[in-house]
>>> print(open('input.csv').read())   # CSV, C-alpha atoms
chain,number,residue,atom,x,y,z
Y,1,MET,CA,2.7,43.5,-68.7
Y,2,LYS,CA,1.5,40.2,-67.5
Y,3,VAL,CA,3.4,39.2,-64.4
Y,4,ALA,CA,3.4,35.6,-63.1
Y,5,ILE,CA,3.7,35.4,-59.3
Y,6,PHE,CA,4.8,32.6,-57.1
Y,7,PRO,CA,3.1,31.5,-54.9
Y,8,PRO,CA,0.4,32.0,-57.5
Y,9,ASN,CA,-2.3,32.9,-54.9
Y,10,SER,CA,-0.3,35.4,-52.9
Y,11,MET,CA,-2.3,38.5,-52.0
Y,12,ILE,CA,0.7,40.7,-51.3
Y,13,LEU,CA,2.4,39.9,-54.6
Y,14,ALA,CA,-0.8,40.2,-56.7
Y,15,ASP,CA,-1.7,43.5,-55.0
Y,16,LEU,CA,1.7,45.0,-55.5
Y,17,VAL,CA,1.8,44.0,-59.2
Y,18,GLU,CA,-1.6,45.6,-59.7
Y,19,ARG,CA,-0.7,48.8,-57.9
Y,20,ARG,CA,2.1,49.3,-60.5
Y,21,GLY,CA,-0.3,48.9,-63.4
Y,22,HIS,CA,0.6,45.4,-64.4
Y,23,GLU,CA,-1.6,42.4,-64.6
Y,24,PRO,CA,-0.9,39.7,-62.1
Y,25,LEU,CA,-1.4,36.1,-63.3
Y,26,VAL,CA,-3.0,34.5,-60.4
Y,27,MET,CA,-4.2,31.0,-59.6
Y,28,GLN,CA,-7.7,32.2,-58.7
Y,29,ARG,CA,-8.4,33.1,-62.3
Y,30,GLN,CA,-7.8,29.5,-63.3
Y,31,ILE,CA,-9.8,28.1,-60.4
Y,32,ARG,CA,-12.7,30.4,-61.3
Y,33,LYS,CA,-12.8,28.8,-64.7
Y,34,LYS,CA,-13.1,25.4,-63.1
Y,35,VAL,CA,-15.7,26.1,-60.5
Y,36,THR,CA,-18.0,28.3,-62.5
Y,37,SER,CA,-18.1,26.2,-65.6
Y,38,ALA,CA,-21.6,24.6,-66.1
Y,39,GLU,CA,-20.0,21.2,-66.6
Y,40,ILE,CA,-19.0,20.8,-63.0
Y,41,ASP,CA,-21.9,19.4,-61.0
Y,42,SER,CA,-20.1,17.5,-58.4
Y,43,PRO,CA,-18.5,20.2,-56.3
Y,44,PRO,CA,-15.4,18.7,-54.7
Y,45,LEU,CA,-14.2,17.2,-58.1
Y,46,ASN,CA,-13.0,20.5,-59.6
Y,47,ILE,CA,-10.1,18.6,-61.1
Y,48,THR,CA,-11.3,16.0,-63.5
Y,49,GLU,CA,-9.4,13.3,-65.4
Y,50,LYS,CA,-8.8,15.9,-68.2
Y,51,GLU,CA,-6.3,17.9,-66.1
Y,52,PRO,CA,-3.6,15.2,-65.6
Y,53,ILE,CA,-3.7,14.7,-69.4
Y,54,GLU,CA,-3.3,18.4,-70.0
Y,55,GLY,CA,-0.4,18.3,-67.5
Y,56,LEU,CA,1.5,16.0,-69.8
Y,57,LYS,CA,2.6,19.1,-71.7
Y,58,TYR,CA,4.7,20.0,-68.6
Y,59,ALA,CA,5.6,16.7,-66.9
Y,60,ALA,CA,6.2,13.1,-68.0
Y,61,ILE,CA,3.7,10.4,-67.6
Y,62,GLU,CA,5.6,8.9,-64.7
Y,63,VAL,CA,5.1,12.1,-62.7
Y,64,PRO,CA,2.2,11.7,-60.2
Y,65,SER,CA,-1.2,12.8,-61.4
Y,66,GLY,CA,-1.4,15.3,-58.6
Y,67,VAL,CA,1.6,17.2,-60.0
Y,68,ARG,CA,0.3,16.9,-63.6
Y,69,GLY,CA,-3.2,18.1,-62.5
Y,70,ARG,CA,-1.8,21.1,-60.8
Y,71,MET,CA,0.5,21.8,-63.7
Y,72,ALA,CA,-2.6,21.9,-66.0
Y,73,LEU,CA,-3.6,25.0,-63.9
Y,74,PHE,CA,-0.2,26.6,-63.3
Y,75,GLY,CA,1.3,25.9,-66.8
Y,76,PRO,CA,-0.9,28.2,-68.9
Y,77,LEU,CA,-0.1,31.1,-66.4
Y,78,ILE,CA,3.6,30.5,-66.8
Y,79,GLU,CA,3.3,30.4,-70.6
Y,80,GLU,CA,1.4,33.6,-70.6
Y,81,ALA,CA,3.8,35.6,-68.4
Y,82,ASP,CA,6.0,38.4,-69.7
Y,83,ALA,CA,7.8,38.6,-66.3
Y,84,ALA,CA,7.7,36.8,-63.0
Y,85,ILE,CA,8.2,37.3,-59.3
Y,86,ILE,CA,9.1,34.3,-57.2
Y,87,MET,CA,8.9,34.4,-53.4
Y,88,GLU,CA,10.8,31.5,-52.0
Y,89,ASP,CA,10.3,29.9,-48.6
Y,90,ALA,CA,6.7,31.1,-48.3
Y,91,PRO,CA,5.3,29.5,-45.2
Y,92,PHE,CA,1.8,29.0,-46.7
Y,93,GLY,CA,1.1,25.9,-48.7
Y,94,PHE,CA,-2.6,25.3,-48.7
Y,95,GLY,CA,-4.8,23.8,-51.4
Y,96,CYS,CA,-3.4,24.2,-54.9
Y,97,VAL,CA,0.1,25.3,-53.7
Y,98,GLY,CA,0.4,22.5,-51.2
Y,99,CYS,CA,2.6,20.3,-53.4
Y,100,ALA,CA,6.3,20.9,-53.0
Y,101,ARG,CA,7.3,19.0,-56.2
Y,102,THR,CA,4.8,21.0,-58.3
Y,103,ASN,CA,6.2,24.2,-56.8
Y,104,GLU,CA,9.7,23.2,-57.9
Y,105,LEU,CA,8.6,22.3,-61.4
Y,106,CYS,CA,6.8,25.7,-61.7
Y,107,MET,CA,9.9,27.6,-60.6
Y,108,PHE,CA,12.0,25.6,-63.0
Y,109,ASN,CA,9.5,26.4,-65.8
Y,110,ILE,CA,9.6,30.1,-65.0
Y,111,ARG,CA,13.4,30.2,-64.9
Y,112,LYS,CA,13.5,28.3,-68.2
Y,113,ARG,CA,11.4,30.8,-70.0
Y,114,ASN,CA,14.1,33.5,-70.0
Y,115,ILE,CA,11.8,36.3,-69.0
Y,116,PRO,CA,12.8,38.9,-66.4
Y,117,VAL,CA,12.4,37.2,-63.0
Y,118,LEU,CA,12.8,38.6,-59.5
Y,119,GLU,CA,13.6,36.1,-56.9
Y,120,VAL,CA,13.0,37.1,-53.3
Y,121,THR,CA,12.6,35.2,-50.0
Y,122,TYR,CA,9.7,35.4,-47.7
Y,123,PRO,CA,10.4,38.2,-45.1
Y,124,THR,CA,10.8,37.3,-41.5
Y,125,SER,CA,11.2,40.8,-40.0
Y,126,SER,CA,9.8,44.3,-40.5
Y,127,GLU,CA,12.9,45.5,-42.1
Y,128,GLU,CA,13.0,42.6,-44.6
Y,129,THR,CA,9.3,43.2,-45.5
Y,130,MET,CA,10.0,46.8,-46.3
Y,131,GLU,CA,13.0,45.9,-48.4
Y,132,LEU,CA,11.0,43.2,-50.2
Y,133,VAL,CA,8.2,45.7,-51.1
Y,134,ASN,CA,10.8,48.2,-52.4
Y,135,LYS,CA,12.6,45.5,-54.4
Y,136,ILE,CA,9.3,44.4,-56.0
Y,137,ASN,CA,8.3,48.0,-56.9
Y,138,GLU,CA,11.8,48.7,-58.3
Y,139,PHE,CA,11.6,45.5,-60.4
Y,140,LEU,CA,8.1,46.3,-61.7
Y,141,ASP,CA,9.1,49.9,-62.6
Y,142,SER,CA,12.1,48.6,-64.5
Y,143,LEU,CA,9.7,46.4,-66.5
Y,144,GLU,CA,7.7,49.4,-67.5
Y,145,ASP,CA,10.9,51.1,-68.7
Y,146,LYS,CA,11.7,48.1,-70.9
Y,147,ASN,CA,8.2,48.1,-72.2
Y,148,GLY,CA,8.4,51.7,-73.2
L,1,MET,CA,-20.7,17.6,-73.5
L,2,SER,CA,-21.7,16.7,-77.0
L,3,PRO,CA,-19.2,17.1,-79.8
L,4,PRO,CA,-19.9,19.7,-82.6
L,5,LYS,CA,-22.1,18.4,-85.4
L,6,ASN,CA,-19.7,18.8,-88.2
L,7,PRO,CA,-16.1,19.1,-87.1
L,8,GLU,CA,-14.7,18.2,-90.5
L,9,SER,CA,-16.1,21.2,-92.3
L,10,SER,CA,-15.1,23.8,-89.7
L,11,PRO,CA,-12.6,23.7,-86.8
L,12,LYS,CA,-14.9,26.2,-84.9
L,13,ASN,CA,-18.0,25.3,-83.0
L,14,PRO,CA,-20.8,27.0,-84.9
L,15,GLU,CA,-22.9,27.7,-81.8
L,16,SER,CA,-20.3,29.1,-79.4
L,17,GLY,CA,-17.7,30.3,-82.0
L,18,LYS,CA,-15.0,28.6,-79.8
L,19,GLU,CA,-12.3,26.6,-81.3
L,20,TYR,CA,-13.1,22.9,-81.5
L,21,THR,CA,-11.0,20.8,-79.3
L,22,PRO,CA,-11.4,17.1,-80.0
L,23,LYS,CA,-11.4,14.6,-77.2
L,24,ALA,CA,-8.5,12.2,-76.8
L,25,GLY,CA,-8.9,9.4,-79.2
L,26,HIS,CA,-11.1,11.3,-81.6
L,27,ASP,CA,-9.2,10.9,-84.8
L,28,LYS,CA,-11.5,12.9,-87.1
L,29,SER,CA,-10.2,16.3,-86.2
L,30,PRO,CA,-8.6,18.2,-89.1
L,31,GLU,CA,-6.0,19.6,-86.6
L,32,THR,CA,-4.7,16.2,-85.5
L,33,GLY,CA,-1.0,15.9,-86.2
L,34,LYS,CA,-0.7,19.6,-87.3
L,35,ASN,CA,-1.1,21.7,-84.2
L,36,ASN,CA,2.1,21.1,-82.2
L,37,SER,CA,0.7,22.8,-79.1
L,38,ASN,CA,-1.9,20.0,-78.8
L,39,ILE,CA,0.5,17.2,-79.3
L,40,ALA,CA,2.8,16.0,-76.6
L,41,GLU,CA,6.2,14.7,-77.5
L,42,THR,CA,4.8,11.2,-77.0
L,43,GLY,CA,2.3,11.8,-79.7
L,44,CYS,CA,-0.7,11.9,-77.3
L,45,LEU,CA,-3.4,14.4,-78.0
L,46,ILE,CA,-3.6,16.9,-75.2
L,47,PRO,CA,-6.8,18.8,-74.7
L,48,GLN,CA,-6.1,22.5,-73.9
L,49,SER,CA,-7.9,24.8,-71.6
L,50,GLU,CA,-9.8,27.7,-72.9
L,51,PRO,CA,-8.0,31.1,-72.7
L,52,ALA,CA,-8.6,32.8,-69.4
L,53,GLU,CA,-9.5,36.2,-70.8
L,54,LYS,CA,-13.2,35.7,-70.9
L,55,ASP,CA,-13.9,36.3,-67.2
L,56,GLY,CA,-17.5,37.5,-67.2
L,57,LYS,CA,-18.5,37.6,-63.5
L,58,ILE,CA,-15.6,37.9,-61.1
L,59,THR,CA,-15.1,38.0,-57.4
L,60,ARG,CA,-12.6,40.0,-55.5
L,61,MET,CA,-11.7,40.2,-51.8
L,62,ILE,CA,-11.1,43.6,-50.3
L,63,ILE,CA,-8.8,43.3,-47.3
L,64,LEU,CA,-8.3,46.1,-44.7
L,65,GLY,CA,-4.8,46.3,-43.3
L,66,PRO,CA,-4.2,46.4,-39.5
L,67,SER,CA,-3.7,50.2,-39.6
L,68,ALA,CA,-6.7,50.9,-41.9
L,69,GLU,CA,-8.4,54.2,-41.2
L,70,ILE,CA,-11.8,52.8,-42.2
L,71,SER,CA,-13.8,50.0,-40.7
L,72,ASN,CA,-15.6,47.1,-42.4
L,73,THR,CA,-18.9,48.8,-42.0
L,74,GLU,CA,-17.6,52.0,-43.6
L,75,LEU,CA,-16.1,50.0,-46.4
L,76,VAL,CA,-19.3,48.2,-47.2
L,77,ARG,CA,-21.4,51.3,-46.9
L,78,ASN,CA,-19.1,53.0,-49.4
L,79,LEU,CA,-19.4,50.1,-51.8
L,80,HIS,CA,-23.2,50.2,-51.6
L,81,MET,CA,-23.2,54.0,-52.2
L,82,MET,CA,-21.4,53.5,-55.5
L,83,GLU,CA,-24.6,51.8,-56.7
L,84,PHE,CA,-22.9,49.3,-59.0
L,85,PRO,CA,-24.8,46.1,-59.7
L,86,LEU,CA,-22.5,44.0,-57.3
L,87,THR,CA,-23.0,41.4,-54.7
L,88,ILE,CA,-21.4,42.7,-51.6
L,89,LYS,CA,-20.6,40.6,-48.6
L,90,THR,CA,-19.1,41.8,-45.3
L,91,THR,CA,-16.4,39.6,-44.0
L,92,CYS,CA,-14.0,39.6,-41.1
L,93,TYR,CA,-11.1,40.9,-43.2
L,94,GLY,CA,-13.1,43.5,-45.1
L,95,ALA,CA,-15.5,42.6,-47.9
L,96,ALA,CA,-16.0,40.3,-50.9
L,97,ILE,CA,-17.6,41.8,-54.0
L,98,SER,CA,-18.8,39.9,-57.1
L,99,GLY,CA,-20.2,41.1,-60.4
L,100,GLU,CA,-19.2,42.0,-63.9
L,101,LYS,CA,-15.5,42.6,-64.4
L,102,GLU,CA,-15.8,46.3,-65.4
L,103,ASP,CA,-18.0,47.1,-62.4
L,104,VAL,CA,-15.8,45.2,-59.9
L,105,ASP,CA,-12.6,46.9,-61.3
L,106,GLU,CA,-14.2,50.4,-61.1
L,107,ALA,CA,-15.4,49.7,-57.5
L,108,ILE,CA,-11.9,48.6,-56.5
L,109,LYS,CA,-10.3,51.6,-58.1
L,110,ARG,CA,-12.7,54.0,-56.2
L,111,ILE,CA,-12.5,52.1,-52.9
L,112,ARG,CA,-8.7,52.2,-52.9
L,113,LYS,CA,-8.8,56.0,-52.8
L,114,LEU,CA,-10.3,55.9,-49.3
L,115,ASP,CA,-7.1,54.5,-47.8
L,116,PRO,CA,-4.6,53.7,-50.6
L,117,TYR,CA,-1.9,52.2,-48.4
L,118,ASN,CA,-4.2,50.0,-46.2
L,119,ILE,CA,-6.7,48.6,-48.6
L,120,PHE,CA,-5.5,45.5,-50.4
L,121,THR,CA,-7.3,43.4,-52.9
L,122,LYS,CA,-7.1,39.8,-54.1
L,123,ASP,CA,-8.9,37.8,-56.8
L,124,ARG,CA,-11.1,34.9,-55.6
L,125,GLY,CA,-12.1,31.9,-57.6
L,126,PHE,CA,-15.3,30.9,-55.9
L,127,PRO,CA,-18.3,33.3,-55.7
L,128,PRO,CA,-19.2,34.7,-52.3
L,129,GLY,CA,-21.3,32.3,-50.2
L,130,ASP,CA,-20.5,29.3,-52.5
L,131,PRO,CA,-21.6,26.2,-50.6
L,132,ARG,CA,-18.3,24.4,-51.6
L,133,ARG,CA,-16.3,27.0,-49.7
L,134,CYS,CA,-18.6,28.9,-47.4
L,135,ARG,CA,-17.8,27.8,-43.8
L,136,ALA,CA,-21.5,28.0,-42.9
L,137,LYS,CA,-22.0,24.8,-44.9
L,138,ARG,CA,-18.8,22.9,-44.8
L,139,GLY,CA,-17.5,23.8,-41.3
L,140,GLY,CA,-14.0,25.2,-40.6
L,141,ALA,CA,-12.2,28.0,-42.4
L,142,ARG,CA,-11.7,27.7,-46.1
L,143,GLU,CA,-8.1,27.1,-47.3
L,144,GLY,CA,-7.7,30.5,-48.6
L,145,PHE,CA,-8.4,32.0,-45.2
L,146,HIS,CA,-5.3,30.4,-43.6
L,147,GLN,CA,-3.2,32.0,-46.3
L,148,LEU,CA,-4.8,35.3,-45.8
L,149,GLU,CA,-4.3,35.1,-42.1
L,150,LYS,CA,-0.6,34.5,-42.6
L,151,GLU,CA,-0.2,37.3,-45.1
L,152,PHE,CA,-2.2,39.7,-42.9
L,153,GLU,CA,0.7,39.6,-40.4
L,154,LEU,CA,2.9,41.4,-43.0
L,155,LEU,CA,0.4,44.0,-44.2
L,156,ASP,CA,1.3,46.6,-41.6
L,157,ASP,CA,4.9,46.6,-42.8
L,158,VAL,CA,3.8,46.5,-46.5
L,159,SER,CA,1.7,49.6,-46.0
L,160,LYS,CA,4.6,51.4,-44.3
L,161,ALA,CA,6.9,50.5,-47.2
L,162,LEU,CA,4.3,51.8,-49.7
L,163,LYS,CA,4.0,55.1,-47.8
L,164,ASN,CA,7.7,55.6,-47.6
L,165,PRO,CA,9.2,54.2,-50.7
L,166,ARG,CA,13.0,53.8,-50.8
L,167,LYS,CA,15.4,53.3,-53.7
L,168,VAL,CA,16.9,49.8,-53.5
L,169,LYS,CA,19.2,47.9,-55.9
L,170,VAL,CA,17.8,44.7,-57.3
L,171,LYS,CA,20.5,42.2,-57.6
L,172,LYS,CA,20.4,40.3,-60.8
L,173,VAL,CA,20.7,36.5,-60.5
L,174,GLU,CA,23.5,35.2,-62.6
L,175,LYS,CA,24.5,31.7,-63.7
L,176,ILE,CA,27.4,30.1,-61.8
L,177,SER,CA,30.4,28.7,-63.4
L,178,PRO,CA,30.8,24.9,-63.8
L,179,GLU,CA,33.8,25.0,-61.4
L,180,GLU,CA,31.7,26.7,-58.7
L,181,PHE,CA,29.0,24.2,-59.3
L,182,LYS,CA,31.4,21.3,-59.0
L,183,LYS,CA,32.6,22.8,-55.7
L,184,ILE,CA,29.1,23.0,-54.3
L,185,ALA,CA,28.4,19.4,-55.4
L,186,ARG,CA,31.5,18.2,-53.6
L,187,GLU,CA,30.5,20.1,-50.4
L,188,CYS,CA,27.1,18.5,-50.6
L,189,LYS,CA,28.4,14.9,-50.7
>>> encode(input="input.csv", output="structure tokens")
Amino acid sequence: MKVAIFPPNSMILADLVERRGHEPLVMQRQIRKKVTSAEIDSPPLNITEKEPIEGLKYAAIEVPSGVRGRMALFGPLIEEADAAIIMEDAPFGFGCVGCARTNELCMFNIRKRNIPVLEVTYPTSSEETMELVNKINEFLDSLEDKNG
Amino acid sequence: MSPPKNPESSPKNPESGKEYTPKAGHDKSPETGKNNSNIAETGCLIPQSEPAEKDGKITRMIILGPSAEISNTELVRNLHMMEFPLTIKTTCYGAAISGEKEDVDEAIKRIRKLDPYNIFTKDRGFPPGDPRRCRAKRGGAREGFHQLEKEFELLDDVSKALKNPRKVKVKKVEKISPEEFKKIARECK
């Protein structure tokens, strides 16, 4: 099953999903398409004027172009997902996941899709981390059961 | 990028076989007005990204947990001994490997067996040593490293949990009633 993760570039979530035999839908895959495409010859401009236009599918024209540009990358992942894991209050927010409003919009879109979603919070202690891992594994195993 | 020579006769690009996606404002496409996924509610033509399945060359990071039983050197030596056509780069967290998807996936599968609970992997968008991200060229750590650094703090506990799995109950999130919502809204005033 294709599992969307949030934050979409989290190593722990992607690794756990993969260990249970599912496919994590990660941001890096979208980024790879942008940075290895032959069209891009000006390195820092990975996001071109096309992305905010693509983002119109997910956000209105009044929404800042930064949000729409990011949604052009996150949106297809959310649409492709059969299930999702959301980790709230993650302290990291670098690069593509550095926009709080986009993150809210992504979570809204995931919840709106009516797919199985596991919502957890970022662990702050050893005990919480272990519980988080067990919860994620339990959730991923239950997906397998549903999938037959 | 030049448009296909004859978009009217075929919606597919004859050279690449990919579906023809017209640029915004190009009104000659036979799909215009018919394909709902390409049209926003406002009626604007929205170009869509190509599907992500066709990966070709991919890059993956192999991260050793704090309690790993092997060192970076051992990890890289093992990767070399597999003799896959891969680009292998030693890094402070483990290694970065790049190559065809099948080779990378097989290498990851085999390398995990060395220490299943302490070897973690992550996809990476940029190829190893890419001047846009490599700190040798641009100075300072790349953005992804800060995140990796933060997540690395949890890896010890993650590997402990993987070693000793426990049954837990996953609480299903349910919708709240309108009365409860009204109560919360009143409290937030």
>>> atom_distance(input="input.csv", atom1="CA of Ile110 in chain Y", atom2="CA of Met27 in chain Y")
14.8 Å
>>> closest_residue(input="input.csv", among="Y:Val3, Y:Val120, Y:Cys99, Y:Thr36", to="Glu23 in chain Y", atoms="only C-alpha atoms")
Y:Val3
>>> interface_residues(input="input.csv", of="chain Y", to="chain L", cutoff="8 Å", atoms="only C-alpha atoms", output="count of residues only")
37
>>> atom_distance(input="input.csv", atom1="CA of Met1 in chain Y", atom2="CA of Pro91 in chain Y")
27.5 Å
>>> residues_around(input="input.csv", residues="Val97 in chain Y", least_positions_apart="4", cutoff="8 Å", atoms="all atoms listed in the file", output="PDB file with C-alpha atoms, in the coordinates of the input")
ATOM      1  CA  PRO Y   7       3.100  31.500 -54.900  1.00  0.00           C
ATOM      2  CA  PRO Y   8       0.400  32.000 -57.500  1.00  0.00           C
ATOM      3  CA  GLY Y  93       1.100  25.900 -48.700  1.00  0.00           C
ATOM      4  CA  THR Y 102       4.800  21.000 -58.300  1.00  0.00           C
ATOM      5  CA  ASN Y 103       6.200  24.200 -56.800  1.00  0.00           C
TER       6      ASN Y 103
END
>>> atom_distance(input="input.csv", atom1="CA of Gly65 in chain L", atom2="CA of Leu16 in chain Y")
13.9 Å
>>> closest_residue(input="input.csv", among="Y:Leu77, Y:Gly66, Y:Pro116, Y:Glu128", to="Gly98 in chain Y", atoms="only C-alpha atoms")
Y:Gly66
>>> decode(input="input.csv", residues="range 6-84 of chain Y", atoms="C-alpha atoms", output="CSV table (one decimal), in the first residue's frame")
chain,number,residue,atom,x,y,z
Y,6,PHE,CA,3.8,13.8,7.3
Y,7,PRO,CA,6.4,15.4,7.6
Y,8,PRO,CA,6.9,14.1,4.1
Y,9,ASN,CA,10.7,14.0,4.4
Y,10,SER,CA,10.8,12.2,7.8
Y,11,MET,CA,13.4,9.4,7.9
Y,12,ILE,CA,11.9,7.5,10.8
Y,13,LEU,CA,8.4,7.4,9.3
Y,14,ALA,CA,9.7,6.5,5.8
Y,15,ASP,CA,11.9,3.8,7.2
Y,16,LEU,CA,9.2,2.2,9.4
Y,17,VAL,CA,6.7,2.2,6.5
Y,18,GLU,CA,9.3,0.5,4.3
Y,19,ARG,CA,10.2,-2.1,6.9
Y,20,ARG,CA,6.5,-3.3,7.0
Y,21,GLY,CA,6.5,-3.8,3.2
Y,22,HIS,CA,4.6,-0.7,2.2
Y,23,GLU,CA,5.7,2.1,0.0
Y,24,PRO,CA,6.3,5.5,1.7
Y,25,LEU,CA,5.3,8.5,-0.4
Y,26,VAL,CA,8.1,10.8,0.4
Y,27,MET,CA,9.0,14.4,-0.7
Y,28,GLN,CA,12.4,13.4,-1.9
Y,29,ARG,CA,10.8,11.6,-4.8
Y,30,GLN,CA,9.1,14.8,-6.0
Y,31,ILE,CA,12.3,16.8,-5.4
Y,32,ARG,CA,14.3,14.3,-7.5
Y,33,LYS,CA,12.0,14.9,-10.4
Y,34,LYS,CA,12.6,18.6,-10.2
Y,35,VAL,CA,16.4,18.5,-9.8
Y,36,THR,CA,17.3,15.8,-12.2
Y,37,SER,CA,15.1,17.0,-15.1
Y,38,ALA,CA,17.2,18.3,-18.0
Y,39,GLU,CA,15.1,21.5,-18.2
Y,40,ILE,CA,16.5,22.9,-15.0
Y,41,ASP,CA,19.8,24.7,-15.7
Y,42,SER,CA,19.7,27.3,-13.0
Y,43,PRO,CA,20.2,25.3,-9.8
Y,44,PRO,CA,18.5,27.3,-7.1
Y,45,LEU,CA,15.4,27.8,-9.1
Y,46,ASN,CA,14.0,24.3,-8.7
Y,47,ILE,CA,10.5,25.7,-8.3
Y,48,THR,CA,9.5,27.5,-11.5
Y,49,GLU,CA,6.5,29.6,-12.3
Y,50,LYS,CA,4.7,26.4,-13.3
Y,51,GLU,CA,4.3,25.1,-9.7
Y,52,PRO,CA,2.2,27.9,-8.3
Y,53,ILE,CA,-0.2,27.3,-11.3
Y,54,GLU,CA,-0.3,23.6,-10.5
Y,55,GLY,CA,-0.9,24.4,-6.9
Y,56,LEU,CA,-4.2,26.1,-8.0
Y,57,LYS,CA,-5.7,22.6,-7.8
Y,58,TYR,CA,-5.3,22.6,-4.1
Y,59,ALA,CA,-5.4,26.3,-3.0
Y,60,ALA,CA,-7.2,29.4,-4.2
Y,61,ILE,CA,-5.5,32.1,-6.2
Y,62,GLU,CA,-5.3,34.4,-3.2
Y,63,VAL,CA,-3.2,31.9,-1.3
Y,64,PRO,CA,0.5,32.9,-1.4
Y,65,SER,CA,2.5,31.5,-4.3
Y,66,GLY,CA,4.9,29.8,-1.8
Y,67,VAL,CA,2.0,27.7,-0.4
Y,68,ARG,CA,0.7,26.9,-3.9
Y,69,GLY,CA,4.3,26.0,-5.1
Y,70,ARG,CA,4.7,23.6,-2.2
Y,71,MET,CA,1.3,22.1,-2.8
Y,72,ALA,CA,2.3,21.3,-6.3
Y,73,LEU,CA,4.8,18.9,-4.8
Y,74,PHE,CA,2.8,17.7,-1.8
Y,75,GLY,CA,-0.6,17.4,-3.5
Y,76,PRO,CA,0.2,14.6,-5.9
Y,77,LEU,CA,1.6,12.5,-3.0
Y,78,ILE,CA,-1.6,13.0,-1.0
Y,79,GLU,CA,-3.8,12.1,-4.0
Y,80,GLU,CA,-1.8,8.9,-4.6
Y,81,ALA,CA,-1.9,7.7,-0.9
Y,82,ASP,CA,-4.0,4.7,0.2
Y,83,ALA,CA,-3.2,5.5,3.9
Y,84,ALA,CA,-1.4,8.2,5.8
